[in-house]
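Asks: So here's work_22.cif (mmCIF, C-alpha atoms).
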data_model
#
loop_
_atom_site.label_atom_id
_atom_site.label_comp_id
_atom_site.auth_asym_id
_atom_site.auth_seq_id
_atom_site.Cartn_x
_atom_site.Cartn_y
_atom_site.Cartn_z
CA MET A 1 -17.37 -10.82 19.13
CA ASN A 2 -14.15 -12.74 18.56
CA PHE A 3 -12.07 -10.52 16.28
CA ARG A 4 -10.15 -13.36 14.65
CA ARG A 5 -13.34 -15.28 13.87
CA ALA A 6 -14.87 -12.15 12.38
CA VAL A 7 -11.92 -11.09 10.25
CA LEU A 8 -10.42 -14.34 8.96
CA PRO A 9 -13.53 -15.40 7.04
CA LEU A 10 -13.54 -11.96 5.45
CA LEU A 11 -9.98 -12.55 4.27
CA ILE A 12 -11.07 -15.78 2.59
CA LEU A 13 -14.00 -14.04 0.93
CA VAL A 14 -11.86 -11.19 -0.35
CA ALA A 15 -9.19 -13.51 -1.72
CA SER A 16 -11.75 -15.55 -3.63
CA ALA A 17 -14.20 -12.80 -4.61
CA PRO A 18 -15.00 -12.43 -8.30
CA ALA A 19 -13.20 -9.68 -10.14
CA ALA A 20 -15.16 -6.62 -11.12
CA ALA A 21 -14.53 -7.33 -14.78
CA GLY A 22 -14.27 -10.67 -16.53
CA GLY A 23 -15.69 -12.79 -13.72
CA ALA A 24 -12.37 -14.38 -12.72
CA ALA A 25 -11.34 -14.66 -9.08
CA ARG A 26 -8.99 -11.91 -7.99
CA ALA A 27 -5.35 -12.78 -7.47
CA PRO A 28 -4.21 -13.36 -3.89
CA PHE A 29 -2.73 -10.33 -2.21
CA LEU A 30 0.50 -12.21 -1.46
CA VAL A 31 2.44 -14.92 -3.26
CA ASN A 32 5.52 -16.74 -1.99
CA THR A 33 8.78 -17.53 -3.74
CA SER A 34 7.72 -21.10 -4.58
CA TRP A 35 4.70 -19.81 -6.45
CA LEU A 36 6.80 -17.29 -8.34
CA ALA A 37 9.46 -19.86 -9.26
CA GLU A 38 6.74 -22.11 -10.67
CA HIS A 39 5.19 -19.29 -12.73
CA LEU A 40 8.33 -17.35 -13.65
CA ASN A 41 8.03 -18.19 -17.35
CA ASP A 42 4.30 -17.64 -17.68
CA PRO A 43 3.74 -15.46 -20.77
CA SER A 44 1.38 -13.09 -18.94
CA LEU A 45 3.71 -12.51 -15.97
CA VAL A 46 5.05 -8.99 -15.39
CA LEU A 47 7.55 -8.63 -12.55
CA LEU A 48 8.06 -5.16 -11.06
CA HIS A 49 11.17 -4.46 -8.98
CA VAL A 50 10.67 -1.62 -6.46
CA GLY A 51 13.87 -0.09 -5.12
CA ASP A 52 16.71 2.15 -6.17
CA GLN A 53 18.20 1.48 -9.58
CA GLU A 54 21.53 0.47 -8.08
CA SER A 55 19.91 -2.43 -6.23
CA TYR A 56 18.20 -3.51 -9.44
CA ASN A 57 21.46 -3.35 -11.40
CA ALA A 58 23.24 -5.37 -8.71
CA GLY A 59 20.83 -8.28 -9.11
CA HIS A 60 17.12 -8.84 -9.64
CA ILE A 61 14.68 -11.64 -10.34
CA PRO A 62 15.01 -12.75 -13.98
CA GLY A 63 12.68 -10.84 -16.25
CA ALA A 64 11.90 -8.10 -13.73
CA GLN A 65 11.47 -4.48 -14.76
CA TRP A 66 12.76 -1.67 -12.56
CA VAL A 67 9.99 0.73 -11.50
CA PRO A 68 11.05 4.38 -11.88
CA TYR A 69 9.25 5.38 -8.72
CA ARG A 70 9.48 9.12 -9.29
CA GLU A 71 7.28 8.77 -12.38
CA ILE A 72 4.36 7.43 -10.36
CA GLU A 73 4.67 9.23 -7.02
CA THR A 74 3.82 12.90 -7.48
CA ARG A 75 1.16 15.02 -9.13
CA PRO A 76 2.64 17.84 -11.22
CA ASP A 77 -0.02 20.24 -9.91
CA SER A 78 0.54 19.51 -6.19
CA ASP A 79 2.92 20.88 -3.57
CA LEU A 80 2.60 17.71 -1.49
CA THR A 81 5.50 15.26 -1.36
CA LEU A 82 3.58 12.20 -2.52
CA GLU A 83 0.24 12.06 -4.33
CA LEU A 84 -1.05 9.77 -7.04
CA PRO A 85 -0.56 11.39 -10.45
CA PRO A 86 -3.34 11.56 -13.05
CA ALA A 87 -4.41 8.14 -14.32
CA GLU A 88 -3.11 8.87 -17.83
CA GLN A 89 0.39 9.54 -16.47
CA LEU A 90 0.28 6.24 -14.59
CA GLN A 91 -1.01 4.45 -17.67
CA ALA A 92 1.96 5.60 -19.73
CA ALA A 93 4.46 4.67 -17.02
CA PHE A 94 3.15 1.14 -16.53
CA GLU A 95 2.67 0.49 -20.24
CA ARG A 96 6.39 1.24 -20.69
CA LEU A 97 7.05 -1.48 -18.10
CA GLY A 98 5.11 -4.01 -20.18
CA VAL A 99 1.87 -4.03 -18.20
CA SER A 100 -1.32 -4.81 -20.13
CA ASP A 101 -4.91 -5.54 -19.23
CA ASN A 102 -4.26 -9.30 -19.18
CA SER A 103 -0.94 -9.15 -17.29
CA ARG A 104 -0.41 -11.14 -14.10
CA ILE A 105 1.54 -8.59 -12.07
CA ILE A 106 3.92 -9.38 -9.23
CA VAL A 107 5.38 -6.45 -7.31
CA TYR A 108 8.41 -7.02 -5.09
CA MET A 109 10.86 -4.97 -3.05
CA GLY A 110 14.52 -5.04 -3.92
CA THR A 111 15.82 -4.39 -0.41
CA ASP A 112 13.82 -2.85 2.43
CA TRP A 113 11.34 -0.89 0.32
CA ALA A 114 8.22 -2.48 1.81
CA THR A 115 6.15 0.70 1.95
CA PRO A 116 6.92 1.85 -1.63
CA THR A 117 6.09 -1.68 -2.78
CA ALA A 118 2.68 -1.43 -1.13
CA ARG A 119 2.34 2.00 -2.73
CA VAL A 120 2.92 0.50 -6.19
CA PHE A 121 0.27 -2.14 -5.47
CA LEU A 122 -2.17 0.58 -4.38
CA THR A 123 -1.38 2.48 -7.58
CA LEU A 124 -2.24 -0.59 -9.65
CA GLU A 125 -5.46 -0.96 -7.66
CA TYR A 126 -6.29 2.68 -8.38
CA MET A 127 -5.79 2.04 -12.10
CA GLY A 128 -8.18 -0.89 -12.03
CA LEU A 129 -5.45 -3.58 -12.22
CA GLY A 130 -5.43 -4.68 -8.60
CA GLU A 131 -7.45 -7.83 -9.31
CA ARG A 132 -4.46 -9.16 -11.28
CA ALA A 133 -1.69 -8.00 -8.93
CA SER A 134 0.09 -9.53 -5.93
CA ILE A 135 3.07 -8.68 -3.74
CA LEU A 136 5.91 -11.20 -3.40
CA ASP A 137 6.09 -11.80 0.34
CA GLY A 138 9.57 -10.88 1.55
CA GLY A 139 10.65 -9.57 -1.86
CA LEU A 140 14.09 -10.15 -3.31
CA PRO A 141 15.67 -11.03 0.07
CA ALA A 142 13.23 -13.94 0.43
CA TRP A 143 13.85 -14.99 -3.18
CA ARG A 144 17.60 -15.09 -2.53
CA ALA A 145 17.22 -16.81 0.86
CA ASP A 146 15.20 -19.58 -0.75
CA GLY A 147 18.02 -20.27 -3.20
CA HIS A 148 16.54 -18.84 -6.38
CA ALA A 149 18.70 -17.29 -9.06
CA VAL A 150 19.11 -13.58 -9.71
CA THR A 151 20.47 -11.82 -12.76
CA THR A 152 21.99 -8.49 -13.76
CA GLU A 153 20.51 -8.73 -17.24
CA ALA A 154 17.99 -5.99 -17.89
CA ARG A 155 15.43 -7.06 -20.46
CA THR A 156 13.69 -4.48 -22.60
CA ALA A 157 9.97 -4.64 -21.95
CA VAL A 158 7.51 -5.02 -24.79
CA PRO A 159 5.18 -2.04 -24.25
CA GLY A 160 1.80 -2.99 -22.88
CA LYS A 161 -1.71 -1.70 -23.46
CA ILE A 162 -3.85 -0.72 -20.47
CA THR A 163 -7.53 0.16 -20.47
CA LEU A 164 -7.99 2.48 -17.50
CA HIS A 165 -10.72 1.87 -14.94
CA PRO A 166 -9.72 4.46 -12.29
CA ARG A 167 -10.84 3.66 -8.74
CA ASN A 168 -11.49 7.19 -7.54
CA ASP A 169 -13.29 5.74 -4.51
CA LEU A 170 -9.93 4.44 -3.27
CA LEU A 171 -8.83 7.89 -2.11
CA VAL A 172 -10.31 10.44 0.28
CA ASP A 173 -9.37 14.05 0.83
CA ALA A 174 -9.10 16.27 3.90
CA ALA A 175 -12.71 17.45 3.61
CA TRP A 176 -13.95 13.85 3.60
CA VAL A 177 -11.85 12.94 6.63
CA ASN A 178 -12.95 16.05 8.53
CA ALA A 179 -16.60 15.25 7.81
CA HIS A 180 -16.22 11.70 9.16
CA LEU A 181 -14.23 12.33 12.35
CA HIS A 182 -17.15 11.22 14.50
CA ASP A 183 -18.54 8.53 12.20
CA ALA A 184 -18.62 5.23 14.10
CA SER A 185 -18.59 3.30 10.83
CA VAL A 186 -15.18 4.77 9.90
CA ALA A 187 -11.84 3.94 11.55
CA ILE A 188 -9.03 6.37 10.77
CA VAL A 189 -5.73 4.50 11.03
CA ASP A 190 -2.45 6.35 11.57
CA ALA A 191 0.42 4.22 10.24
CA ARG A 192 3.25 6.34 11.67
CA ILE A 193 5.44 5.09 14.47
CA ALA A 194 4.21 5.93 17.97
CA ARG A 195 6.38 8.97 18.72
CA PHE A 196 4.89 10.91 15.81
CA PHE A 197 1.37 9.80 16.67
CA GLU A 198 1.96 10.99 20.23
CA GLY A 199 3.05 14.46 19.23
CA GLU A 200 6.59 14.67 17.87
CA PRO A 201 6.15 16.93 14.83
CA GLY A 202 9.16 15.78 12.85
CA ARG A 203 9.07 17.80 9.64
CA MET A 204 5.38 18.60 9.95
CA PRO A 205 4.03 22.07 10.89
CA ARG A 206 2.17 20.62 13.90
CA GLY A 207 2.52 17.52 16.04
CA GLY A 208 -0.19 15.11 17.10
CA HIS A 209 -2.65 13.12 15.03
CA ILE A 210 -6.04 13.36 13.40
CA PRO A 211 -8.67 13.29 16.18
CA GLY A 212 -9.90 9.81 16.98
CA ALA A 213 -7.24 8.07 14.91
CA HIS A 214 -6.06 4.56 15.79
CA ASN A 215 -2.31 3.99 15.74
CA VAL A 216 -1.13 0.91 13.84
CA PRO A 217 2.59 1.61 13.26
CA PHE A 218 3.65 0.22 9.89
CA PRO A 219 6.73 -1.66 11.24
CA SER A 220 4.42 -3.70 13.48
CA LEU A 221 2.94 -5.33 10.38
CA LEU A 222 6.19 -6.90 9.17
CA GLU A 223 8.66 -9.48 10.38
CA GLU A 224 12.32 -8.48 10.61
CA SER A 225 12.84 -10.38 7.35
CA GLY A 226 10.46 -8.02 5.58
CA LYS A 227 7.75 -10.65 5.24
CA PHE A 228 4.26 -9.86 6.42
CA LYS A 229 3.26 -11.21 9.80
CA ASP A 230 0.71 -14.01 9.81
CA THR A 231 -2.92 -13.10 9.37
CA ALA A 232 -3.94 -13.74 12.99
CA THR A 233 -1.17 -11.46 14.26
CA LEU A 234 -2.13 -8.73 11.81
CA ALA A 235 -5.77 -9.02 12.86
CA ASP A 236 -4.69 -8.73 16.49
CA ALA A 237 -2.72 -5.57 15.70
CA PHE A 238 -5.80 -3.89 14.27
CA ARG A 239 -7.96 -5.15 17.13
CA ALA A 240 -5.50 -3.93 19.76
CA ALA A 241 -5.52 -0.48 18.16
CA GLY A 242 -9.31 -0.34 18.47
CA VAL A 243 -10.25 -1.05 14.85
CA SER A 244 -13.44 -3.10 14.83
CA PRO A 245 -14.53 -5.58 12.16
CA GLY A 246 -16.86 -4.19 9.53
CA VAL A 247 -15.75 -0.55 9.65
CA LEU A 248 -14.41 1.39 6.70
CA VAL A 249 -10.67 1.84 7.30
CA VAL A 250 -9.02 5.07 6.15
CA THR A 251 -5.24 5.09 6.47
CA TYR A 252 -2.81 7.99 6.60
CA CYS A 253 0.79 8.67 7.69
CA HIS A 254 3.28 11.47 6.98
CA ILE A 255 2.90 11.59 3.18
CA GLY A 256 0.82 8.54 2.22
CA GLN A 257 3.54 5.93 1.74
CA GLN A 258 3.57 4.13 5.11
CA ALA A 259 -0.21 4.39 4.99
CA SER A 260 -0.16 2.36 1.77
CA LEU A 261 1.22 -0.59 3.72
CA ALA A 262 -1.48 -0.28 6.38
CA TRP A 263 -4.08 0.03 3.60
CA PHE A 264 -2.74 -3.15 1.98
CA VAL A 265 -2.95 -5.09 5.25
CA ALA A 266 -6.45 -3.79 5.91
CA ARG A 267 -7.47 -5.07 2.50
CA MET A 268 -5.89 -8.46 3.22
CA LEU A 269 -7.88 -8.63 6.45
CA GLY A 270 -11.12 -8.09 4.56
CA TYR A 271 -11.79 -4.46 5.41
CA GLN A 272 -13.06 -1.94 2.96
CA ALA A 273 -10.18 0.52 2.93
CA ARG A 274 -9.29 3.91 1.53
CA LEU A 275 -6.22 6.13 1.66
CA TYR A 276 -6.02 9.76 2.71
CA ASP A 277 -3.27 10.64 0.28
CA GLY A 278 -2.55 14.15 1.58
CA SER A 279 -1.94 12.57 5.00
CA PHE A 280 -0.49 14.54 7.90
CA GLU A 281 1.66 16.68 5.63
CA GLU A 282 -1.50 18.32 4.35
CA TRP A 283 -3.60 18.01 7.52
CA SER A 284 -1.05 19.60 9.86
CA SER A 285 -0.39 22.47 7.44
CA ARG A 286 -4.03 23.59 7.54
CA PRO A 287 -4.68 25.35 10.87
CA GLU A 288 -8.45 25.06 10.49
CA LEU A 289 -8.19 21.26 10.76
CA PRO A 290 -8.02 19.85 14.31
CA VAL A 291 -5.14 17.82 15.69
CA GLU A 292 -5.12 15.79 18.87
CA LEU A 293 -2.46 14.78 21.38
CA PRO A 294 -2.78 11.71 23.63
CA ALA A 295 -3.35 13.87 26.72
CA GLN A 296 -6.35 15.41 25.01
CA GLN A 297 -8.03 12.08 24.35
CA PRO A 298 -10.99 11.18 26.57
CA ARG A 299 -10.14 8.63 29.21
CA ASN A 300 -12.44 5.73 29.96
#
Would you mind writing the structure in this file as structure tokens?

Replies:
Amino acid sequence: MNFRRAVLPLLILVASAPAAAGGAARAPFLVNTSWLAEHLNDPSLVLLHVGDQESYNAGHIPGAQWVPYREIETRPDSDLTLELPPAEQLQAAFERLGVSDNSRIIVYMGTDWATPTARVFLTLEYMGLGERASILDGGLPAWRADGHAVTTEARTAVPGKITLHPRNDLLVDAAWVNAHLHDASVAIVDARIARFFEGEPGRMPRGGHIPGAHNVPFPSLLEESGKFKDTATLADAFRAAGVSPGVLVVTYCHIGQQASLAWFVARMLGYQARLYDGSFEEWSSRPELPVELPAQQPRN
């Protein structure tokens, strides 16, 4: 089967599929700066700036709200570095940013925060708002490069009102992953760069990767500018890593942030996709869970 022919129609179907609620077509996963400039004054638009506060204060897209990332990154009852908090905590955080059920949400990176930006998109998807959300391709650097104005004015958001529809099916845990290690309908995708996949432990208790995982390093999904690579190239990256069309993709990395970018791309390519949020930080800390090194992999 030709991988591009199999995946590209899926992308079209996903982009135009009806929303789960309300019957409207879901928003595209990406928008460009021309689209945003045309819709910048739409009353339903909510712009979310992802980056450190200093970058936001130095200049942001007019009307954008700075996302206090720490409020949406960690569960209070977890020792792991990064895990989605309870839905009610997320609801309060995004309502303070002006997000409501009918908001058209654009998430963008301030500098080189591509993976946290994907993480914010995933968080919105988890809350049931993903149908109305998009990422600005290339973020603020692309906005500036295309000659659009920035501002240092910080507007006070009118608090929003969100009705939660949590997507608990978006996440999997270690037990789920361990139970599906040999499931041919599941592709576990490791989004870390190759040296960690191949065994360098970094800050983790053990080196290696989850057995059978496919390595799609997150930097390989982006241009140097921070824009996403074209769809055919992204499809080729998944194909080259051994990820077949039609499988359920489960992404992981060190702590779940780089994996959010791989999850986002998998969704763009038409895959069903989930995130193992505990990622290798949890997996490698549990000695009963197997790890694999490249030399241990079966050779064809």

Asks: Please evaluate the PyMOL selection byres ((chain A and resi 32-47) around 7) against the displayed coordinates and give the resulting residues as a list of chain:residue names.

Replies: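 So the PyMOL selection byres ((chain A and resi 32-47) around 7), applied here, picks out A:Leu30, A:Val31, A:Leu48, A:His49, A:Gly63, A:Ala64, A:Gln65, A:Gly98, A:Val99, A:Asn102, A:Ser103, A:Arg104, A:Ile105, A:Ile106, A:Val107, A:Leu136, A:Asp137, A:Trp143.
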
Asks: Rank A:Met127, A:Ile135, A:Ala58, A:Val50 by their smallest atom-to-atom distance to Lys227 (chain A), using all atoms listed in the file, and report the top residue only.

Replies: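 For Lys227 (chain A), the nearest of the candidates is A:Ile135.
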
Asks: Take CA of Gly278 (chain A) and CA of Asp101 (chain A) and report the distance between them in Å, one decimal.

Replies: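 Result for CA of Gly278 (chain A) versus CA of Asp101 (chain A): 28.7 Å, one decimal.
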
Asks: For CA of Pro116 (chain A) and CA of Glu223 (chain A), determine how far apart the two atoms are, in Å to one decimal place.

Replies: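 Atom-to-atom, CA of Pro116 (chain A) to CA of Glu223 (chain A), that is 16.6 Å.
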
Asks: Could you tell me, as an NGL selection string, exactly which residues end up selected when the PyMOL selection byres ((chain A and resi 90-92) around 12) is applied to this structure?

Replies: :A and (67-75 or 83-89 or 93-101 or 120 or 122-129 or 159-166)

Asks: May I ask which of the residues A:Phe218, A:Met204, A:Asn168, A:Gly212 is the closest one to Leu80 (chain A), counting only C-alpha atoms?

Replies: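 Of A:Phe218, A:Met204, A:Asn168, A:Gly212, the one nearest Leu80 (chain A) is A:Met204, counting only C-alpha atoms.
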
Asks: Counting only C-alpha atoms, which residue out of A:Gly110, A:Gly199, A:Gly270, A:Gly59 sits closest to Gly226 (chain A)?

Replies: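 For Gly226 (chain A), the nearest of the candidates is A:Gly110.
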